[in-house]
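Source file: start_34.cif (mmCIF, C-alpha atoms; chains and numbers go by the auth columns)
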```
data_query
loop_
_atom_site.group_PDB
_atom_site.id
_atom_site.type_symbol
_atom_site.label_atom_id
_atom_site.label_comp_id
_atom_site.label_asym_id
_atom_site.label_seq_id
_atom_site.Cartn_x
_atom_site.Cartn_y
_atom_site.Cartn_z
_atom_site.B_iso_or_equiv
_atom_site.auth_seq_id
_atom_site.auth_asym_id
ATOM 1 C CA MET A 1 -33.433 9.937 -87.309 0.00 1 S
ATOM 2 C CA SER A 2 -30.646 7.593 -88.248 0.00 2 S
ATOM 3 C CA LEU A 3 -29.323 4.204 -87.280 0.00 3 S
ATOM 4 C CA LEU A 4 -26.157 4.159 -85.226 0.00 4 S
ATOM 5 C CA LYS A 5 -23.444 1.508 -85.386 0.00 5 S
ATOM 6 C CA ILE A 6 -23.418 -0.777 -82.359 0.00 6 S
ATOM 7 C CA LYS A 7 -19.958 -1.274 -80.898 0.00 7 S
ATOM 8 C CA ILE A 8 -19.062 -4.932 -80.408 0.00 8 S
ATOM 9 C CA TYR A 9 -16.707 -6.355 -77.774 0.00 9 S
ATOM 10 C CA PRO A 10 -13.715 -5.848 -77.499 0.00 10 S
ATOM 11 C CA SER A 11 -14.253 -2.238 -78.671 0.00 11 S
ATOM 12 C CA SER A 12 -12.433 -0.028 -76.135 0.00 12 S
ATOM 13 C CA VAL A 13 -15.345 2.431 -75.871 0.00 13 S
ATOM 14 C CA LEU A 14 -17.319 -0.275 -74.029 0.00 14 S
ATOM 15 C CA ARG A 15 -14.846 -0.001 -71.135 0.00 15 S
ATOM 16 C CA LYS A 16 -14.934 3.804 -70.847 0.00 16 S
ATOM 17 C CA ARG A 17 -16.469 5.627 -67.927 0.00 17 S
ATOM 18 C CA CYS A 18 -19.083 8.011 -69.324 0.00 18 S
ATOM 19 C CA GLU A 19 -19.353 11.740 -68.682 0.00 19 S
ATOM 20 C CA GLU A 20 -22.382 13.514 -67.217 0.00 20 S
ATOM 21 C CA ILE A 21 -24.501 15.387 -69.718 0.00 21 S
ATOM 22 C CA LYS A 22 -24.447 19.066 -68.768 0.00 22 S
ATOM 23 C CA GLU A 23 -27.310 20.234 -70.963 0.00 23 S
ATOM 24 C CA VAL A 24 -30.187 18.427 -72.648 0.00 24 S
ATOM 25 C CA ASN A 25 -30.060 20.202 -75.983 0.00 25 S
ATOM 26 C CA GLU A 26 -31.271 19.267 -79.478 0.00 26 S
ATOM 27 C CA GLU A 27 -28.132 17.175 -80.088 0.00 27 S
ATOM 28 C CA ILE A 28 -28.873 15.024 -77.007 0.00 28 S
ATOM 29 C CA LYS A 29 -32.555 14.688 -77.951 0.00 29 S
ATOM 30 C CA GLU A 30 -31.542 13.543 -81.441 0.00 30 S
ATOM 31 C CA LEU A 31 -29.055 11.081 -79.940 0.00 31 S
ATOM 32 C CA ALA A 32 -31.860 9.616 -77.786 0.00 32 S
ATOM 33 C CA ARG A 33 -34.132 9.237 -80.839 0.00 33 S
ATOM 34 C CA ASP A 34 -31.334 7.616 -82.848 0.00 34 S
ATOM 35 C CA MET A 35 -30.498 5.259 -79.962 0.00 35 S
ATOM 36 C CA LEU A 36 -34.137 4.171 -79.705 0.00 36 S
ATOM 37 C CA GLU A 37 -34.344 3.572 -83.461 0.00 37 S
ATOM 38 C CA THR A 38 -31.107 1.565 -83.334 0.00 38 S
ATOM 39 C CA MET A 39 -32.292 -0.474 -80.332 0.00 39 S
ATOM 40 C CA TYR A 40 -35.590 -1.324 -82.053 0.00 40 S
ATOM 41 C CA LYS A 41 -33.847 -2.222 -85.329 0.00 41 S
ATOM 42 C CA HIS A 42 -31.610 -4.704 -83.477 0.00 42 S
ATOM 43 C CA GLN A 43 -34.523 -6.039 -81.374 0.00 43 S
ATOM 44 C CA GLY A 44 -32.957 -5.012 -78.070 0.00 44 S
ATOM 45 C CA ILE A 45 -34.697 -3.839 -74.915 0.00 45 S
ATOM 46 C CA GLY A 46 -31.994 -1.368 -73.886 0.00 46 S
ATOM 47 C CA LEU A 47 -29.024 0.572 -75.187 0.00 47 S
ATOM 48 C CA ALA A 48 -26.417 2.789 -73.526 0.00 48 S
ATOM 49 C CA GLY A 49 -24.287 5.603 -74.945 0.00 49 S
ATOM 50 C CA PRO A 50 -21.005 3.673 -75.155 0.00 50 S
ATOM 51 C CA GLN A 51 -22.696 0.915 -77.150 0.00 51 S
ATOM 52 C CA VAL A 52 -23.034 3.423 -79.987 0.00 52 S
ATOM 53 C CA GLY A 53 -19.624 5.018 -79.399 0.00 53 S
ATOM 54 C CA VAL A 54 -20.835 7.939 -77.260 0.00 54 S
ATOM 55 C CA THR A 55 -19.228 8.307 -73.826 0.00 55 S
ATOM 56 C CA LYS A 56 -22.134 10.242 -72.338 0.00 56 S
ATOM 57 C CA ARG A 57 -24.444 9.119 -69.525 0.00 57 S
ATOM 58 C CA ILE A 58 -27.560 8.298 -71.536 0.00 58 S
ATOM 59 C CA ILE A 59 -29.614 5.104 -71.751 0.00 59 S
ATOM 60 C CA VAL A 60 -32.764 4.080 -73.599 0.00 60 S
ATOM 61 C CA ILE A 61 -35.052 1.188 -72.688 0.00 61 S
ATOM 62 C CA ASP A 62 -38.271 -0.385 -73.884 0.00 62 S
ATOM 63 C CA VAL A 63 -39.377 -3.624 -72.219 0.00 63 S
ATOM 64 C CA GLY A 64 -42.764 -3.502 -73.936 0.00 64 S
ATOM 65 C CA LYS A 65 -44.188 -0.596 -71.932 0.00 65 S
ATOM 66 C CA GLY A 66 -43.057 2.177 -74.276 0.00 66 S
ATOM 67 C CA PRO A 67 -39.735 3.955 -74.663 0.00 67 S
ATOM 68 C CA LEU A 68 -37.853 5.310 -71.667 0.00 68 S
ATOM 69 C CA VAL A 69 -34.936 7.733 -71.988 0.00 69 S
ATOM 70 C CA LEU A 70 -32.773 8.421 -68.943 0.00 70 S
ATOM 71 C CA ILE A 71 -30.012 10.994 -68.905 0.00 71 S
ATOM 72 C CA ASN A 72 -27.462 10.908 -66.077 0.00 72 S
ATOM 73 C CA PRO A 73 -29.322 7.990 -64.460 0.00 73 S
ATOM 74 C CA ARG A 74 -28.448 7.024 -60.904 0.00 74 S
ATOM 75 C CA ILE A 75 -29.707 4.168 -58.767 0.00 75 S
ATOM 76 C CA GLU A 76 -30.804 5.662 -55.465 0.00 76 S
ATOM 77 C CA GLU A 77 -31.979 2.461 -53.753 0.00 77 S
ATOM 78 C CA LYS A 78 -31.893 -1.287 -54.368 0.00 78 S
ATOM 79 C CA SER A 79 -34.105 -3.925 -52.805 0.00 79 S
ATOM 80 C CA LYS A 80 -32.522 -6.684 -50.759 0.00 80 S
ATOM 81 C CA GLU A 81 -34.355 -9.240 -52.919 0.00 81 S
ATOM 82 C CA ASN A 82 -32.373 -10.321 -55.977 0.00 82 S
ATOM 83 C CA ASP A 83 -32.999 -12.471 -59.007 0.00 83 S
ATOM 84 C CA TYR A 84 -30.512 -14.479 -61.079 0.00 84 S
ATOM 85 C CA LEU A 85 -31.570 -14.405 -64.722 0.00 85 S
ATOM 86 C CA LEU A 86 -29.920 -14.832 -68.112 0.00 86 S
ATOM 87 C CA GLU A 87 -29.013 -11.586 -69.826 0.00 87 S
ATOM 88 C CA GLY A 88 -27.836 -10.883 -73.337 0.00 88 S
ATOM 89 C CA CYS A 89 -26.322 -7.730 -74.783 0.00 89 S
ATOM 90 C CA LEU A 90 -26.278 -6.176 -78.241 0.00 90 S
ATOM 91 C CA SER A 91 -22.530 -5.546 -77.827 0.00 91 S
ATOM 92 C CA LEU A 92 -21.878 -9.207 -76.959 0.00 92 S
ATOM 93 C CA PRO A 93 -23.702 -11.127 -79.716 0.00 93 S
ATOM 94 C CA LYS A 94 -24.932 -14.634 -78.838 0.00 94 S
ATOM 95 C CA ILE A 95 -23.492 -14.442 -75.314 0.00 95 S
ATOM 96 C CA TYR A 96 -25.797 -15.024 -72.347 0.00 96 S
ATOM 97 C CA VAL A 97 -24.777 -14.755 -68.710 0.00 97 S
ATOM 98 C CA LYS A 98 -26.765 -15.457 -65.555 0.00 98 S
ATOM 99 C CA VAL A 99 -26.596 -12.156 -63.654 0.00 99 S
ATOM 100 C CA LYS A 100 -27.669 -11.274 -60.125 0.00 100 S
ATOM 101 C CA ARG A 101 -29.667 -8.035 -60.026 0.00 101 S
ATOM 102 C CA ALA A 102 -31.868 -6.269 -57.486 0.00 102 S
ATOM 103 C CA ARG A 103 -35.530 -7.069 -58.059 0.00 103 S
ATOM 104 C CA GLU A 104 -36.565 -3.434 -57.376 0.00 104 S
ATOM 105 C CA ILE A 105 -34.700 -0.143 -57.636 0.00 105 S
ATOM 106 C CA VAL A 106 -35.357 3.556 -57.258 0.00 106 S
ATOM 107 C CA VAL A 107 -33.724 5.453 -60.100 0.00 107 S
ATOM 108 C CA SER A 108 -33.308 9.166 -60.722 0.00 108 S
ATOM 109 C CA GLY A 109 -32.080 11.234 -63.648 0.00 109 S
ATOM 110 C CA LEU A 110 -33.416 13.467 -66.379 0.00 110 S
ATOM 111 C CA ASP A 111 -35.952 12.621 -69.068 0.00 111 S
ATOM 112 C CA GLU A 112 -35.463 13.413 -72.760 0.00 112 S
ATOM 113 C CA GLN A 113 -36.744 16.960 -72.162 0.00 113 S
ATOM 114 C CA GLY A 114 -34.206 17.577 -69.389 0.00 114 S
ATOM 115 C CA GLN A 115 -36.807 17.344 -66.610 0.00 115 S
ATOM 116 C CA PRO A 116 -35.858 15.585 -63.352 0.00 116 S
ATOM 117 C CA VAL A 117 -37.436 12.166 -62.814 0.00 117 S
ATOM 118 C CA LYS A 118 -37.348 9.708 -59.946 0.00 118 S
ATOM 119 C CA PHE A 119 -39.294 6.467 -59.868 0.00 119 S
ATOM 120 C CA LYS A 120 -39.404 2.888 -58.655 0.00 120 S
ATOM 121 C CA ALA A 121 -38.768 0.155 -61.205 0.00 121 S
ATOM 122 C CA ARG A 122 -39.217 -3.565 -60.729 0.00 122 S
ATOM 123 C CA GLY A 123 -38.825 -6.778 -62.661 0.00 123 S
ATOM 124 C CA LEU A 124 -37.532 -6.575 -66.221 0.00 124 S
ATOM 125 C CA THR A 125 -37.547 -2.752 -66.212 0.00 125 S
ATOM 126 C CA ALA A 126 -35.316 -2.687 -63.108 0.00 126 S
ATOM 127 C CA ARG A 127 -33.021 -5.320 -64.642 0.00 127 S
ATOM 128 C CA ALA A 128 -32.702 -3.429 -67.942 0.00 128 S
ATOM 129 C CA ILE A 129 -31.950 -0.124 -66.166 0.00 129 S
ATOM 130 C CA GLN A 130 -29.257 -1.776 -64.015 0.00 130 S
ATOM 131 C CA HIS A 131 -27.736 -3.436 -67.095 0.00 131 S
ATOM 132 C CA GLU A 132 -27.590 -0.181 -69.054 0.00 132 S
ATOM 133 C CA ILE A 133 -26.251 1.848 -66.104 0.00 133 S
ATOM 134 C CA ASP A 134 -23.457 -0.731 -65.794 0.00 134 S
ATOM 135 C CA HIS A 135 -22.484 0.137 -69.385 0.00 135 S
ATOM 136 C CA LEU A 136 -22.016 3.780 -68.333 0.00 136 S
ATOM 137 C CA SER A 137 -19.238 2.613 -65.987 0.00 137 S
ATOM 138 C CA GLY A 138 -17.638 0.269 -68.511 0.00 138 S
ATOM 139 C CA VAL A 139 -19.091 -2.858 -66.878 0.00 139 S
ATOM 140 C CA LEU A 140 -20.276 -5.717 -69.113 0.00 140 S
ATOM 141 C CA ILE A 141 -22.285 -8.842 -68.300 0.00 141 S
ATOM 142 C CA ILE A 142 -19.156 -10.966 -68.756 0.00 142 S
ATOM 143 C CA ASP A 143 -17.724 -9.115 -65.738 0.00 143 S
ATOM 144 C CA LYS A 144 -20.538 -10.566 -63.625 0.00 144 S
ATOM 145 C CA THR A 145 -19.391 -14.183 -63.901 0.00 145 S
ATOM 146 C CA ASN A 146 -16.569 -16.273 -62.477 0.00 146 S
ATOM 147 C CA PHE A 147 -13.022 -16.090 -63.820 0.00 147 S
ATOM 148 C CA LEU A 148 -13.045 -19.293 -65.876 0.00 148 S
ATOM 149 C CA ARG A 149 -16.392 -18.566 -67.522 0.00 149 S
ATOM 150 C CA LYS A 150 -15.231 -14.989 -68.230 0.00 150 S
ATOM 151 C CA VAL A 151 -12.090 -16.254 -69.998 0.00 151 S
ATOM 152 C CA LEU A 152 -14.129 -18.747 -72.064 0.00 152 S
ATOM 153 C CA LEU A 153 -16.713 -16.121 -73.046 0.00 153 S
ATOM 154 C CA LYS A 154 -14.030 -13.613 -74.052 0.00 154 S
ATOM 155 C CA LEU A 155 -12.321 -16.276 -76.158 0.00 155 S
ATOM 156 C CA LYS A 156 -15.639 -17.153 -77.818 0.00 156 S
ATOM 157 C CA LEU A 157 -16.281 -13.476 -78.602 0.00 157 S
ATOM 158 C CA LEU A 158 -12.795 -12.931 -80.023 0.00 158 S
ATOM 159 C CA LEU A 159 -12.978 -16.065 -82.181 0.00 159 S
ATOM 160 C CA LYS A 160 -16.421 -15.097 -83.457 0.00 160 S
ATOM 161 C CA ARG A 161 -15.181 -11.610 -84.320 0.00 161 S
ATOM 162 C CA LYS A 162 -12.158 -13.033 -86.131 0.00 162 S
ATOM 163 C CA ASN A 163 -14.437 -15.288 -88.234 0.00 163 S
ATOM 164 C CA ASP A 164 -16.915 -12.515 -89.145 0.00 164 S
#
```
Please lay out the structure from this file as structure tokens.
Amino acid sequence: MSLLKIKIYPSSVLRKRCEEIKEVNEEIKELARDMLETMYKHQGIGLAGPQVGVTKRIIVIDVGKGPLVLINPRIEEKSKENDYLLEGCLSLPKIYVKVKRAREIVVSGLDEQGQPVKFKARGLTARAIQHEIDHLSGVLIIDKTNFLRKVLLKLKLLLKRKND
């Protein structure tokens, strides 16, 4: 296993729409292991392919219940009940945005062995899955706020990057 480099905004890969994974082979399994190791090293609870420069539909999550790998994840259903909570992102260091997300979802996809899975997720697990699936479509948490706040956050990120 090896650590991967996390892409930081405004890296263009973060805005790419990811491709479906056709086959869960050893390369994909190794990518999942490396993504988990990278997520843990950076003390995150989720990571998506584009955040490590890979435009494939793969996410990893661990909200304290053990690792979860989802390949080609898709949200099948969302509850009508929503929560507004602060979210951070490893690709947007020190930026936090209050984001509206469904409290419960039904998600489907493949596990790390390529087996089909479908399950209901709620609370922080549901939030993390929705956040990471957004990444697969090039959507970031800063896109979930109003125009003025978005401009200010982007400016803050660009200035921080310039000073690093």
Å distance separating atom CA of Ile141 of chain S from atom CA of Glu30 of chain S, one decimal place: 27.6 Å
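Ranking S:Glu76, S:Glu27, S:Glu19, S:Glu87 by their shortest atom-to-atom distance to Thr55 of chain S, with all atoms listed in the file included, puts S:Glu19 first.
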With only C-alpha atoms as the atoms that count, which of S:Pro73, S:Ser137, S:Lys94, S:Arg101 lies nearest to Val117 of chain S? S:Pro73
S:Glu23, S:Asp134, S:Glu37, S:Asp143 ranked by distance to Asp62 of chain S, top pick (using only C-alpha atoms): S:Glu37
For Leu136 of chain S, please output as a PyMOL selection string all residues within 8 Å (counting only C-alpha atoms; exclusion window: fewer than 6 positions along the same chain). chain S and resi 16-18+48-50+55-58
By how many Å are atom CA of Ala32 of chain S and atom CA of Ala128 of chain S apart? 16.4 Å
Shell around Asp34 of chain S at 7 Å using all atoms listed in the file, local window under 4 positions removed, as a ChimeraX atom specification: /S:1-4,30,38
Using only C-alpha atoms, which of S:Arg33, S:Lys80, S:Arg127, S:Lys156 sits nearest Val63 of chain S? S:Arg127
Might you spell out which residues the PyMOL selection byres ((chain S and resi 64) around 12) would select in the displayed file, as a short mmCIF file (atom, residue, chain, number, x, y, z; two decimals) with C-alpha atoms, in the frame of the given file?
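Written output follows (part-v5.cif):
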```cif
data_model
loop_
_atom_site.label_atom_id
_atom_site.label_comp_id
_atom_site.auth_asym_id
_atom_site.auth_seq_id
_atom_site.Cartn_x
_atom_site.Cartn_y
_atom_site.Cartn_z
CA TYR S 40 -35.59 -1.32 -82.05
CA GLN S 43 -34.52 -6.04 -81.37
CA GLY S 44 -32.96 -5.01 -78.07
CA ILE S 45 -34.70 -3.84 -74.92
CA GLY S 46 -31.99 -1.37 -73.89
CA ILE S 61 -35.05 1.19 -72.69
CA ASP S 62 -38.27 -0.38 -73.88
CA VAL S 63 -39.38 -3.62 -72.22
CA LYS S 65 -44.19 -0.60 -71.93
CA GLY S 66 -43.06 2.18 -74.28
CA PRO S 67 -39.74 3.96 -74.66
CA LEU S 68 -37.85 5.31 -71.67
CA LEU S 124 -37.53 -6.58 -66.22
CA THR S 125 -37.55 -2.75 -66.21
CA ALA S 128 -32.70 -3.43 -67.94
#
```
Distance query Ser12 of chain S at most 12 Å, all atoms listed in the file, self and fewer than 2 positions along chain excluded, as a list in words: Lys7, Ile8, Tyr9, Pro10, Leu14, Arg15, Lys16, Arg17, Pro50, Gln51, Val52, Gly53, Val54, Thr55, Ser91, Gly138, Val139 and Leu140 of chain S
Those same residues - C-alpha atoms - I'd like them written as a short mmCIF file (atom, residue, chain, number, x, y, z; two decimals), in the frame of the given file.
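Saved to selection-v3.cif:
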```cif
data_model
loop_
_atom_site.label_atom_id
_atom_site.label_comp_id
_atom_site.auth_asym_id
_atom_site.auth_seq_id
_atom_site.Cartn_x
_atom_site.Cartn_y
_atom_site.Cartn_z
CA LYS S 7 -19.96 -1.27 -80.90
CA ILE S 8 -19.06 -4.93 -80.41
CA TYR S 9 -16.71 -6.36 -77.77
CA PRO S 10 -13.72 -5.85 -77.50
CA LEU S 14 -17.32 -0.28 -74.03
CA ARG S 15 -14.85 0.00 -71.14
CA LYS S 16 -14.93 3.80 -70.85
CA ARG S 17 -16.47 5.63 -67.93
CA PRO S 50 -21.00 3.67 -75.16
CA GLN S 51 -22.70 0.92 -77.15
CA VAL S 52 -23.03 3.42 -79.99
CA GLY S 53 -19.62 5.02 -79.40
CA VAL S 54 -20.84 7.94 -77.26
CA THR S 55 -19.23 8.31 -73.83
CA SER S 91 -22.53 -5.55 -77.83
CA GLY S 138 -17.64 0.27 -68.51
CA VAL S 139 -19.09 -2.86 -66.88
CA LEU S 140 -20.28 -5.72 -69.11
#
```
Quick one: apply the PyMOL selection byres ((chain S and resi 96) around 9) to the file and drop the selected residues here as a PyMOL selection string. chain S and resi 86-89+92-95+97-98+141-142
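When atom CA of Ser11 of chain S is paired with atom CA of Arg161 of chain S, their separation reads 11.0 Å.
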Where's the centre, and what are the edge lengths in Å to one decimal, of a box along x, y and z enclosing all listed atoms of segment 139-142 of chain S padded 4 Å per side, as JSON?
```
{"center_x": -20.7, "center_y": -6.9, "center_z": -68.0, "size_x": 11.2, "size_y": 16.1, "size_z": 10.2}
```
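Among the candidates S:Leu148, S:Ile59, S:Leu157, S:Leu85, the residue lying nearest to Leu110 of chain S is S:Ile59 (atoms considered: all atoms listed in the file).
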Residues matched by the PyMOL selection byres ((chain S and resi 126) around 9), written as a PDB file with C-alpha atoms, in the coordinates of the input:
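File selection38.pdb, as written:
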```pdb
ATOM      1  CA  ARG S 101     -29.667  -8.035 -60.026  1.00  0.00           C
ATOM      2  CA  ALA S 102     -31.868  -6.269 -57.486  1.00  0.00           C
ATOM      3  CA  ARG S 103     -35.530  -7.069 -58.059  1.00  0.00           C
ATOM      4  CA  GLU S 104     -36.565  -3.434 -57.376  1.00  0.00           C
ATOM      5  CA  ILE S 105     -34.700  -0.143 -57.636  1.00  0.00           C
ATOM      6  CA  VAL S 106     -35.357   3.556 -57.258  1.00  0.00           C
ATOM      7  CA  VAL S 107     -33.724   5.453 -60.100  1.00  0.00           C
ATOM      8  CA  LYS S 120     -39.404   2.888 -58.655  1.00  0.00           C
ATOM      9  CA  ALA S 121     -38.768   0.155 -61.205  1.00  0.00           C
ATOM     10  CA  ARG S 122     -39.217  -3.565 -60.729  1.00  0.00           C
ATOM     11  CA  GLY S 123     -38.825  -6.778 -62.661  1.00  0.00           C
ATOM     12  CA  LEU S 124     -37.532  -6.575 -66.221  1.00  0.00           C
ATOM     13  CA  THR S 125     -37.547  -2.752 -66.212  1.00  0.00           C
ATOM     14  CA  ARG S 127     -33.021  -5.320 -64.642  1.00  0.00           C
ATOM     15  CA  ALA S 128     -32.702  -3.429 -67.942  1.00  0.00           C
ATOM     16  CA  ILE S 129     -31.950  -0.124 -66.166  1.00  0.00           C
ATOM     17  CA  GLN S 130     -29.257  -1.776 -64.015  1.00  0.00           C
ATOM     18  CA  HIS S 131     -27.736  -3.436 -67.095  1.00  0.00           C
TER      19      HIS S 131
END
```
